[in-house]
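Visitor: Please find input_3.cif (mmCIF, C-alpha atoms) on the next line:
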data_coords
loop_
_atom_site.group_PDB
_atom_site.id
_atom_site.type_symbol
_atom_site.label_atom_id
_atom_site.label_comp_id
_atom_site.auth_asym_id
_atom_site.auth_seq_id
_atom_site.Cartn_x
_atom_site.Cartn_y
_atom_site.Cartn_z
ATOM 1 C CA MET V 1 -9.713 -57.653 -31.705
ATOM 2 C CA ARG V 2 -12.627 -58.131 -34.091
ATOM 3 C CA GLY V 3 -10.501 -59.086 -37.089
ATOM 4 C CA ARG V 4 -8.088 -61.510 -35.430
ATOM 5 C CA LEU V 5 -9.983 -62.948 -32.472
ATOM 6 C CA GLY V 6 -13.629 -62.634 -33.516
ATOM 7 C CA GLY V 7 -14.549 -59.834 -31.148
ATOM 8 C CA LEU V 8 -14.860 -59.387 -27.412
ATOM 9 C CA PRO V 9 -15.485 -62.706 -25.609
ATOM 10 C CA THR V 10 -18.708 -62.882 -23.634
ATOM 11 C CA PRO V 11 -18.714 -63.298 -19.835
ATOM 12 C CA LEU V 12 -20.066 -66.833 -20.348
ATOM 13 C CA GLU V 13 -17.226 -67.763 -22.713
ATOM 14 C CA ALA V 14 -14.432 -66.196 -20.690
ATOM 15 C CA ALA V 15 -15.543 -65.995 -17.075
ATOM 16 C CA ASP V 16 -12.000 -65.762 -15.682
ATOM 17 C CA ILE V 17 -11.140 -62.748 -17.844
ATOM 18 C CA TRP V 18 -14.247 -60.846 -16.822
ATOM 19 C CA ARG V 19 -13.842 -61.812 -13.167
ATOM 20 C CA GLY V 20 -10.381 -60.222 -13.046
ATOM 21 C CA ILE V 21 -11.654 -57.065 -14.724
ATOM 22 C CA TRP V 22 -14.638 -57.042 -12.340
ATOM 23 C CA TYR V 23 -12.469 -57.087 -9.217
ATOM 24 C CA GLU V 24 -10.195 -54.341 -10.496
ATOM 25 C CA GLU V 25 -12.974 -52.043 -11.647
ATOM 26 C CA ALA V 26 -14.975 -52.381 -8.420
ATOM 27 C CA HIS V 27 -11.852 -51.645 -6.404
ATOM 28 C CA HIS V 28 -10.436 -48.717 -8.366
ATOM 29 C CA SER V 29 -13.700 -46.978 -9.262
ATOM 30 C CA THR V 30 -14.837 -46.913 -5.639
ATOM 31 C CA ALA V 31 -11.322 -46.007 -4.440
ATOM 32 C CA ILE V 32 -11.414 -42.894 -6.638
ATOM 33 C CA GLU V 33 -14.414 -41.800 -4.550
ATOM 34 C CA GLY V 34 -12.599 -42.438 -1.254
ATOM 35 C CA ASN V 35 -13.255 -46.120 -0.489
ATOM 36 C CA THR V 36 -10.306 -47.597 1.448
ATOM 37 C CA LEU V 37 -10.719 -51.353 0.825
ATOM 38 C CA VAL V 38 -7.639 -52.899 -0.792
ATOM 39 C CA LEU V 39 -7.914 -55.125 -3.854
ATOM 40 C CA LYS V 40 -7.612 -58.377 -1.872
ATOM 41 C CA GLN V 41 -10.484 -57.340 0.391
ATOM 42 C CA VAL V 42 -12.599 -56.460 -2.646
ATOM 43 C CA GLU V 43 -11.907 -59.870 -4.217
ATOM 44 C CA GLN V 44 -12.921 -61.736 -1.054
ATOM 45 C CA LEU V 45 -16.018 -59.603 -0.609
ATOM 46 C CA LEU V 46 -17.262 -60.089 -4.168
ATOM 47 C CA ALA V 47 -16.203 -63.720 -4.572
ATOM 48 C CA GLU V 48 -17.097 -65.083 -1.156
ATOM 49 C CA GLY V 49 -19.354 -62.444 0.399
ATOM 50 C CA ARG V 50 -16.910 -62.138 3.306
ATOM 51 C CA ALA V 51 -16.171 -58.719 4.777
ATOM 52 C CA VAL V 52 -12.477 -58.939 5.693
ATOM 53 C CA GLY V 53 -10.897 -56.239 7.857
ATOM 54 C CA ASN V 54 -12.315 -53.603 10.137
ATOM 55 C CA LYS V 55 -13.669 -51.036 7.690
ATOM 56 C CA GLU V 56 -16.980 -49.241 8.092
ATOM 57 C CA LEU V 57 -20.054 -51.128 6.859
ATOM 58 C CA ARG V 58 -20.647 -48.320 4.355
ATOM 59 C CA GLU V 59 -17.406 -49.128 2.533
ATOM 60 C CA TYR V 60 -18.233 -52.806 2.087
ATOM 61 C CA LEU V 61 -21.711 -51.960 0.794
ATOM 62 C CA GLU V 62 -20.270 -49.413 -1.664
ATOM 63 C CA VAL V 63 -18.129 -52.150 -3.206
ATOM 64 C CA GLN V 64 -20.943 -54.714 -3.212
ATOM 65 C CA GLY V 65 -23.327 -52.292 -4.903
ATOM 66 C CA TYR V 66 -20.761 -51.305 -7.505
ATOM 67 C CA GLY V 67 -19.857 -54.955 -8.094
ATOM 68 C CA ALA V 68 -23.501 -55.902 -8.707
ATOM 69 C CA ALA V 69 -23.932 -53.041 -11.178
ATOM 70 C CA ALA V 70 -20.677 -53.855 -13.000
ATOM 71 C CA GLU V 71 -21.643 -57.526 -13.260
ATOM 72 C CA TRP V 72 -24.914 -56.511 -14.925
ATOM 73 C CA VAL V 73 -23.037 -54.150 -17.258
ATOM 74 C CA TYR V 74 -20.648 -56.911 -18.349
ATOM 75 C CA ARG V 75 -23.520 -59.251 -19.171
ATOM 76 C CA GLN V 76 -24.642 -56.745 -21.779
ATOM 77 C CA ALA V 77 -21.540 -57.632 -23.809
ATOM 78 C CA ALA V 78 -23.189 -60.906 -24.794
ATOM 79 C CA GLY V 79 -24.695 -59.465 -27.980
ATOM 80 C CA ALA V 80 -21.601 -57.544 -29.023
ATOM 81 C CA ARG V 81 -19.436 -60.359 -30.337
ATOM 82 C CA GLY V 82 -19.746 -60.561 -34.092
ATOM 83 C CA GLY V 83 -23.256 -59.120 -33.983
ATOM 84 C CA GLY V 84 -22.588 -55.540 -35.036
ATOM 85 C CA ARG V 85 -23.985 -52.440 -33.399
ATOM 86 C CA PRO V 86 -26.954 -52.961 -31.033
ATOM 87 C CA ALA V 87 -30.218 -51.132 -31.710
ATOM 88 C CA SER V 88 -29.679 -48.899 -28.680
ATOM 89 C CA LEU V 89 -26.517 -48.227 -26.693
ATOM 90 C CA LEU V 90 -28.339 -46.746 -23.722
ATOM 91 C CA THR V 91 -31.856 -46.028 -22.434
ATOM 92 C CA LEU V 92 -33.230 -43.847 -19.664
ATOM 93 C CA ALA V 93 -34.408 -46.924 -17.750
ATOM 94 C CA GLU V 94 -30.852 -48.294 -17.824
ATOM 95 C CA VAL V 95 -29.391 -45.047 -16.508
ATOM 96 C CA ARG V 96 -31.756 -45.265 -13.533
ATOM 97 C CA ARG V 97 -31.157 -48.998 -13.101
ATOM 98 C CA VAL V 98 -27.371 -48.713 -12.984
ATOM 99 C CA HIS V 99 -27.541 -45.936 -10.370
ATOM 100 C CA HIS V 100 -30.035 -47.917 -8.286
ATOM 101 C CA MET V 101 -27.934 -51.099 -8.322
ATOM 102 C CA ALA V 102 -24.751 -49.245 -7.435
ATOM 103 C CA MET V 103 -26.201 -47.049 -4.682
ATOM 104 C CA ALA V 104 -29.130 -48.927 -3.092
ATOM 105 C CA PRO V 105 -27.064 -51.150 -0.724
ATOM 106 C CA VAL V 106 -25.087 -48.300 0.862
ATOM 107 C CA TRP V 107 -28.137 -46.017 0.844
ATOM 108 C CA GLU V 108 -29.828 -48.365 3.319
ATOM 109 C CA VAL V 109 -27.237 -47.608 5.992
ATOM 110 C CA ALA V 110 -25.819 -44.243 4.891
ATOM 111 C CA PRO V 111 -28.277 -42.228 2.780
ATOM 112 C CA HIS V 112 -27.380 -38.747 1.635
ATOM 113 C CA PRO V 113 -28.155 -36.431 4.578
ATOM 114 C CA ASP V 114 -30.045 -33.933 2.369
ATOM 115 C CA ALA V 115 -32.069 -36.488 0.402
ATOM 116 C CA THR V 116 -35.824 -36.273 0.272
ATOM 117 C CA GLY V 117 -38.079 -39.288 -0.145
ATOM 118 C CA SER V 118 -38.141 -38.751 -3.897
ATOM 119 C CA GLU V 119 -34.331 -38.687 -4.293
ATOM 120 C CA ALA V 120 -33.616 -42.341 -3.536
ATOM 121 C CA PRO V 121 -31.290 -44.419 -5.761
ATOM 122 C CA GLY V 122 -32.505 -44.388 -9.337
ATOM 123 C CA SER V 123 -34.331 -41.067 -8.930
ATOM 124 C CA PHE V 124 -33.046 -37.711 -10.153
ATOM 125 C CA ARG V 125 -31.994 -35.043 -7.680
ATOM 126 C CA GLU V 126 -34.209 -32.175 -6.556
ATOM 127 C CA HIS V 127 -31.372 -30.120 -5.100
ATOM 128 C CA GLU V 128 -28.879 -27.717 -6.588
ATOM 129 C CA ILE V 129 -25.252 -28.866 -6.587
ATOM 130 C CA ARG V 130 -22.400 -26.604 -5.543
ATOM 131 C CA PRO V 131 -19.915 -25.579 -8.255
ATOM 132 C CA PHE V 132 -17.088 -28.045 -8.875
ATOM 133 C CA PRO V 133 -13.506 -27.167 -7.790
ATOM 134 C CA GLY V 134 -12.695 -26.033 -11.338
ATOM 135 C CA GLY V 135 -15.661 -23.658 -11.370
ATOM 136 C CA MET V 136 -18.101 -25.695 -13.478
ATOM 137 C CA VAL V 137 -21.703 -25.337 -12.264
ATOM 138 C CA PRO V 138 -23.854 -28.483 -12.692
ATOM 139 C CA VAL V 139 -27.191 -28.241 -14.485
ATOM 140 C CA THR V 140 -29.976 -26.767 -12.377
ATOM 141 C CA TRP V 141 -32.139 -29.589 -11.073
ATOM 142 C CA PRO V 142 -35.460 -28.793 -12.877
ATOM 143 C CA LEU V 143 -33.632 -29.249 -16.212
ATOM 144 C CA VAL V 144 -32.041 -32.598 -15.337
ATOM 145 C CA PRO V 145 -34.703 -34.871 -16.976
ATOM 146 C CA ALA V 146 -34.586 -32.973 -20.272
ATOM 147 C CA GLU V 147 -30.781 -32.777 -20.270
ATOM 148 C CA ILE V 148 -30.457 -36.508 -19.605
ATOM 149 C CA GLU V 149 -32.815 -37.305 -22.488
ATOM 150 C CA THR V 150 -30.698 -35.131 -24.787
ATOM 151 C CA TRP V 151 -27.514 -36.746 -23.490
ATOM 152 C CA ILE V 152 -28.843 -40.271 -24.117
ATOM 153 C CA GLY V 153 -29.718 -39.254 -27.662
ATOM 154 C CA ARG V 154 -26.132 -38.124 -28.255
ATOM 155 C CA VAL V 155 -24.695 -41.278 -26.701
ATOM 156 C CA ASN V 156 -26.756 -43.400 -29.072
ATOM 157 C CA LEU V 157 -25.111 -41.590 -31.998
ATOM 158 C CA LEU V 158 -21.566 -42.535 -30.936
ATOM 159 C CA ASP V 159 -19.702 -44.140 -33.820
ATOM 160 C CA PRO V 160 -16.556 -46.210 -33.029
ATOM 161 C CA GLU V 161 -15.467 -45.882 -36.671
ATOM 162 C CA PHE V 162 -15.252 -42.101 -36.293
ATOM 163 C CA PRO V 163 -11.535 -41.103 -36.135
ATOM 164 C CA ALA V 164 -12.134 -38.915 -33.061
ATOM 165 C CA PHE V 165 -14.117 -41.601 -31.213
ATOM 166 C CA PRO V 166 -12.029 -41.322 -27.991
ATOM 167 C CA GLU V 167 -12.716 -37.584 -27.806
ATOM 168 C CA ALA V 168 -16.423 -38.148 -28.511
ATOM 169 C CA LEU V 169 -16.487 -40.744 -25.728
ATOM 170 C CA ALA V 170 -14.746 -38.260 -23.418
ATOM 171 C CA GLU V 171 -17.269 -35.552 -24.282
ATOM 172 C CA ALA V 172 -20.164 -37.888 -23.446
ATOM 173 C CA HIS V 173 -18.572 -38.936 -20.152
ATOM 174 C CA CYS V 174 -17.858 -35.324 -19.216
ATOM 175 C CA ARG V 175 -21.376 -34.188 -20.079
ATOM 176 C CA PHE V 176 -22.917 -36.776 -17.749
ATOM 177 C CA GLU V 177 -20.827 -35.438 -14.885
ATOM 178 C CA GLN V 178 -21.831 -31.865 -15.791
ATOM 179 C CA ILE V 179 -25.510 -32.794 -15.659
ATOM 180 C CA HIS V 180 -24.900 -34.610 -12.354
ATOM 181 C CA PRO V 181 -28.397 -36.126 -12.445
ATOM 182 C CA PHE V 182 -28.323 -37.808 -9.034
ATOM 183 C CA LEU V 183 -27.780 -36.463 -5.561
ATOM 184 C CA ASP V 184 -24.892 -38.869 -4.944
ATOM 185 C CA GLY V 185 -22.929 -41.522 -6.833
ATOM 186 C CA ASN V 186 -22.612 -39.680 -10.152
ATOM 187 C CA GLY V 187 -18.917 -40.508 -10.591
ATOM 188 C CA ARG V 188 -19.427 -44.234 -10.111
ATOM 189 C CA THR V 189 -22.567 -44.267 -12.241
ATOM 190 C CA GLY V 190 -20.875 -42.272 -14.999
ATOM 191 C CA ARG V 191 -18.008 -44.776 -15.224
ATOM 192 C CA LEU V 192 -20.422 -47.720 -15.211
ATOM 193 C CA LEU V 193 -22.478 -46.181 -18.036
ATOM 194 C CA LEU V 194 -19.274 -45.471 -19.956
ATOM 195 C CA ASN V 195 -18.396 -49.166 -19.732
ATOM 196 C CA LEU V 196 -21.922 -50.214 -20.657
ATOM 197 C CA VAL V 197 -21.549 -48.282 -23.913
ATOM 198 C CA LEU V 198 -18.071 -49.724 -24.517
ATOM 199 C CA VAL V 199 -18.996 -53.394 -24.053
ATOM 200 C CA ARG V 200 -22.042 -52.948 -26.280
ATOM 201 C CA LEU V 201 -19.725 -51.634 -28.982
ATOM 202 C CA GLY V 202 -17.392 -54.625 -28.545
ATOM 203 C CA TYR V 203 -14.680 -52.856 -26.525
ATOM 204 C CA PRO V 204 -13.245 -53.921 -23.171
ATOM 205 C CA PRO V 205 -14.299 -51.804 -20.173
ATOM 206 C CA ALA V 206 -12.130 -48.837 -19.211
ATOM 207 C CA ILE V 207 -10.708 -48.964 -15.676
ATOM 208 C CA VAL V 208 -9.483 -45.662 -14.276
ATOM 209 C CA TYR V 209 -6.932 -46.692 -11.657
ATOM 210 C CA LYS V 210 -6.803 -44.897 -8.336
ATOM 211 C CA ARG V 211 -3.184 -43.957 -9.022
ATOM 212 C CA ASP V 212 -4.492 -41.960 -12.002
ATOM 213 C CA ARG V 213 -7.142 -40.130 -9.974
ATOM 214 C CA ALA V 214 -5.400 -36.735 -10.191
ATOM 215 C CA SER V 215 -4.869 -37.061 -13.953
ATOM 216 C CA TYR V 216 -8.484 -38.163 -14.414
ATOM 217 C CA LEU V 217 -9.897 -35.207 -12.467
ATOM 218 C CA THR V 218 -7.586 -32.789 -14.271
ATOM 219 C CA ALA V 219 -8.685 -34.213 -17.624
ATOM 220 C CA LEU V 220 -12.334 -33.829 -16.612
ATOM 221 C CA ARG V 221 -11.736 -30.174 -15.739
ATOM 222 C CA ARG V 222 -10.048 -29.669 -19.121
ATOM 223 C CA ALA V 223 -13.062 -31.297 -20.757
ATOM 224 C CA ASP V 224 -15.369 -28.885 -18.893
ATOM 225 C CA SER V 225 -13.728 -26.086 -20.870
ATOM 226 C CA GLY V 226 -14.102 -27.930 -24.198
ATOM 227 C CA ASP V 227 -10.700 -29.643 -24.420
ATOM 228 C CA PHE V 228 -11.585 -33.337 -24.686
ATOM 229 C CA GLY V 229 -8.167 -34.566 -25.866
ATOM 230 C CA PRO V 230 -6.572 -35.402 -22.474
ATOM 231 C CA LEU V 231 -9.641 -37.271 -21.228
ATOM 232 C CA GLY V 232 -10.003 -39.060 -24.573
ATOM 233 C CA GLU V 233 -6.380 -40.199 -24.383
ATOM 234 C CA LEU V 234 -6.791 -41.378 -20.781
ATOM 235 C CA LEU V 235 -9.876 -43.432 -21.703
ATOM 236 C CA ALA V 236 -8.226 -44.867 -24.832
ATOM 237 C CA ARG V 237 -5.191 -45.946 -22.823
ATOM 238 C CA ALA V 238 -7.457 -47.533 -20.183
ATOM 239 C CA ILE V 239 -9.288 -49.538 -22.859
ATOM 240 C CA LEU V 240 -6.031 -50.676 -24.491
ATOM 241 C CA ASP V 241 -4.544 -51.591 -21.113
ATOM 242 C CA ASN V 242 -7.458 -53.919 -20.392
ATOM 243 C CA LEU V 243 -7.261 -55.340 -23.903
ATOM 244 C CA TYR V 244 -3.546 -56.137 -23.721
ATOM 245 C CA ARG V 245 -3.323 -57.229 -20.071
ATOM 246 C CA ASN V 246 -6.547 -59.192 -19.606
ATOM 247 C CA VAL V 247 -8.320 -60.048 -22.837
ATOM 248 C CA ILE V 248 -5.833 -60.905 -25.603
ATOM 249 C CA PRO V 249 -3.478 -63.112 -23.524
ATOM 250 C CA ALA V 250 -6.403 -65.218 -22.361
ATOM 251 C CA VAL V 251 -8.188 -65.715 -25.678
ATOM 252 C CA ALA V 252 -5.230 -65.889 -28.055
ATOM 253 C CA GLY V 253 -3.755 -69.369 -28.485
ATOM 254 C CA PRO V 254 -0.017 -69.991 -27.986
ATOM 255 C CA ALA V 255 0.640 -69.643 -31.724
ATOM 256 C CA ARG V 256 -1.584 -66.613 -32.330
ATOM 257 C CA LEU V 257 0.271 -63.470 -33.406
ATOM 258 C CA VAL V 258 -0.658 -60.531 -31.172
ATOM 259 C CA PRO V 259 0.915 -57.131 -30.341
ATOM 260 C CA LEU V 260 3.941 -57.273 -28.050
ATOM 261 C CA ALA V 261 2.093 -55.304 -25.373
ATOM 262 C CA ALA V 262 -0.225 -58.307 -24.942
ATOM 263 C CA LEU V 263 2.751 -60.604 -24.289
ATOM 264 C CA ALA V 264 4.597 -58.448 -21.757
ATOM 265 C CA THR V 265 5.329 -59.870 -18.303
ATOM 266 C CA ASP V 266 6.980 -58.566 -15.143
ATOM 267 C CA ASP V 267 10.292 -60.013 -16.344
ATOM 268 C CA LEU V 268 9.912 -59.053 -19.991
ATOM 269 C CA GLY V 269 8.256 -55.710 -20.586
ATOM 270 C CA ALA V 270 6.909 -54.541 -23.935
ATOM 271 C CA SER V 271 9.988 -52.352 -24.530
ATOM 272 C CA ALA V 272 12.372 -55.262 -23.899
ATOM 273 C CA LEU V 273 10.403 -57.477 -26.273
ATOM 274 C CA ARG V 274 10.458 -54.786 -28.947
ATOM 275 C CA VAL V 275 14.239 -54.432 -28.660
ATOM 276 C CA ALA V 276 14.602 -58.212 -28.905
ATOM 277 C CA ALA V 277 12.365 -58.252 -32.000
ATOM 278 C CA ILE V 278 14.356 -55.461 -33.674
ATOM 279 C CA ARG V 279 17.634 -57.271 -32.957
ATOM 280 C CA GLY V 280 16.260 -60.527 -34.303
ATOM 281 C CA ARG V 281 16.505 -62.374 -30.992
ATOM 282 C CA LEU V 282 12.732 -62.733 -30.645
ATOM 283 C CA ARG V 283 10.790 -64.285 -33.502
ATOM 284 C CA ALA V 284 8.348 -61.547 -34.539
ATOM 285 C CA VAL V 285 6.803 -59.923 -37.602
ATOM 286 C CA ARG V 286 5.593 -56.425 -38.393
ATOM 287 C CA ASP V 287 2.038 -55.778 -39.551
ATOM 288 C CA PRO V 288 1.119 -53.213 -42.243
ATOM 289 C CA ASP V 289 0.807 -50.532 -39.539
ATOM 290 C CA GLY V 290 4.371 -51.120 -38.364
ATOM 291 C CA ARG V 291 3.475 -52.864 -35.087
ATOM 292 C CA TRP V 292 5.584 -55.807 -33.938
ATOM 293 C CA LEU V 293 3.617 -59.039 -33.495
ATOM 294 C CA SER V 294 4.722 -62.241 -31.828
ATOM 295 C CA SER V 295 3.178 -65.215 -30.029
ATOM 296 C CA SER V 296 3.310 -66.560 -26.493
ATOM 297 C CA SER V 297 5.180 -69.670 -27.715
ATOM 298 C CA TRP V 298 7.836 -67.525 -29.432
ATOM 299 C CA VAL V 299 8.209 -65.366 -26.312
ATOM 300 C CA ALA V 300 8.603 -68.493 -24.171
ATOM 301 C CA GLU V 301 11.253 -69.756 -26.574
ATOM 302 C CA TYR V 302 13.073 -66.410 -26.408
ATOM 303 C CA GLY V 303 12.881 -66.419 -22.608
ATOM 304 C CA LYS V 304 14.590 -69.808 -22.371
ATOM 305 C CA ASP V 305 17.357 -68.763 -24.770
ATOM 306 C CA ARG V 306 17.739 -65.467 -22.928
ATOM 307 C CA TYR V 307 18.455 -67.171 -19.640
ATOM 308 C CA ARG V 308 20.858 -69.658 -21.287
ATOM 309 C CA ARG V 309 22.922 -66.760 -22.659
ATOM 310 C CA ARG V 310 23.469 -65.282 -19.199
ATOM 311 C CA PRO V 311 26.869 -66.050 -17.633
ATOM 312 C CA VAL V 312 26.913 -68.345 -14.600
#
So, in terms of structure tokens, how does the structure I just supplied come out?
Guide:
Amino acid sequence: MRGRLGGLPTPLEAADIWRGIWYEEAHHSTAIEGNTLVLKQVEQLLAEGRAVGNKELREYLEVQGYGAAAEWVYRQAAGARGGGRPASLLTLAEVRRVHHMAMAPVWEVAPHPDATGSEAPGSFREHEIRPFPGGMVPVTWPLVPAEIETWIGRVNLLDPEFPAFPEALAEAHCRFEQIHPFLDGNGRTGRLLLNLVLVRLGYPPAIVYKRDRASYLTALRRADSGDFGPLGELLARAILDNLYRNVIPAVAGPARLVPLAALATDDLGASALRVAAIRGRLRAVRDPDGRWLSSSSWVAEYGKDRYRRRPV
């Protein structure tokens, strides 16, 4: 992405790309926590401010709050393109800000029933949290401020050039959920902070789809016991999926050579394109790493020839 296309495009440069990612993340990240709005309803709510359907007010406000926080997160990608590593990936004020933006709207109508006046959005919890289904016990609440400070320090040491970067990212994401600094909304906030770090490092956001909820929770439980591989792989695949489906096709010109996964369509999947490249039917080249590269114009040319070869 950095070498061929100059880095991640900013929201100002590529508004349509980021808008599509925005809708999907707001939908799937809230759906993982039980929100029942479908993607079309989320798009209308965020784009037009219209609440379509007969869902509870709480569900619409969950999506609006998450959408506002995600929009702010994406704007932080502005300094990532071609500018190298930012001075700080994350601050304590930003942790509080992201939680406040995501949770304040729904908190107005459906606050946590056990919350005290000092546990509002953006403020750390003053309650103990029950053990998670896998047995992991969150940090006791008096230690939360110190643990969060330590966690932020570790996040700011993340190095994308490190070979085990996906596992390090998974460890950081898991540790936030273990600390569980807020009374409610830790899952949503943790995924938003994960994406804040990613866009500041020049990566696309990671969207964990609701269909992958069981795999995501299982990977988190594995990470609780020190096995960060499954969660690292899930996050890496989520980043690559966004890169190939949303970013590269929109910013690469028709003649730009990109991986086949970025050129796949409903009619022509990545596997079909690879077979066509191997057989010489699709114009493509292999890079030094062995990946097949082609362009949208070559794929369009292959598609026309492919349909001409079919018998009437």
Visitor: Here's a test: counting only C-alpha atoms, identify every protein, DNA and RNA residue with an atom at most 12 Å from (-31.5, -50.9, -18.0) in the file's coordinate frame, and state them as JSON, numbers by chain.
Guide: {"V": [69, 72, 73, 75, 76, 88, 89, 90, 91, 92, 93, 94, 95, 96, 97, 98, 99, 100, 101, 122, 192, 193, 196, 197]}
Visitor: Nearest residue to V:Tyr74 out of V:Arg154, V:His112, V:Arg283, V:Arg200, using all atoms listed in the file?
Guide: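 So, comparing all the options, the nearest one is V:Arg200.
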Visitor: Find the spatial neighbours of V:Ile32, counting all atoms listed in the file, within a cut-off of 8 Å - ignore same-chain residues fewer than 4 positions away - and output them as a PyMOL selection string.
Guide: chain V and resi 28+209-210+213
Visitor: Which polymer residues have any atom within 12 Å of an atom of V:Gly135, counting all atoms listed in the file, with same-chain residues fewer than 5 positions away left out, as a list in words?
Guide: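 Once the nearby chain positions are removed, what remains is Ile129, Arg130, Gln178, Leu220, Arg221, Arg222, Asp224 and Ser225 of chain V.
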Visitor: On this file, the PyMOL selection byres ((chain V and resi 303) around 12) gives some set of residues; write that set as a list in words.
Guide: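 This file, filtered by the PyMOL selection byres ((chain V and resi 303) around 12), leaves Leu263, Ala264, Thr265, Asp267, Leu268, Gly269, Ala272, Leu273, Ala276, Arg281, Leu282, Arg283, Ser296, Ser297, Trp298, Val299, Ala300, Glu301, Tyr302, Lys304, Asp305, Arg306, Tyr307, Arg308, Arg309 and Arg310 of chain V.
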Visitor: From the list V:Ser215, V:Ser29, V:Ser295, V:Asn242, which residue is nearest V:Tyr203 when using all atoms listed in the file?
Guide: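 Looking at the shortest contact to V:Tyr203, the residue is V:Asn242.
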Visitor: For atom CA of V:Asp227 and atom CA of V:His27, determine how far apart the two atoms are, in Å to one decimal place.
Guide: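 Going from atom CA of V:Asp227 over to atom CA of V:His27 covers 28.5 Å.
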Visitor: Please report the interatomic distance between atom CA of V:Pro105 and atom CA of V:Pro181 in Å with one decimal.
Guide: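 Between atom CA of V:Pro105 and atom CA of V:Pro181 the gap works out to 19.1 Å.
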Visitor: Using the chain letters and numbering of this document, enumerate as an MDAnalysis selection string the residues selected by the PyMOL selection byres ((chain V and resi 155-159) around 8).
Guide: chainID V and resid 88:90 151:154 160:162 165 168:169 172
Visitor: Restricting the calculation to all atoms listed in the file, which member of V:Gly20, V:Pro230, V:Gly253, V:Pro142 is positioned closest to V:Leu39?
Guide: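 Smallest separation from V:Leu39 among the options: V:Gly20.
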Visitor: Once the PyMOL selection byres ((chain V and resi 60) around 12) has been evaluated on this model, what residues remain selected, and can you format them as a ChimeraX atom specification?
Guide: /V:26-27,30-31,35-38,41-46,49-59,61-67,103,105-106,109-110
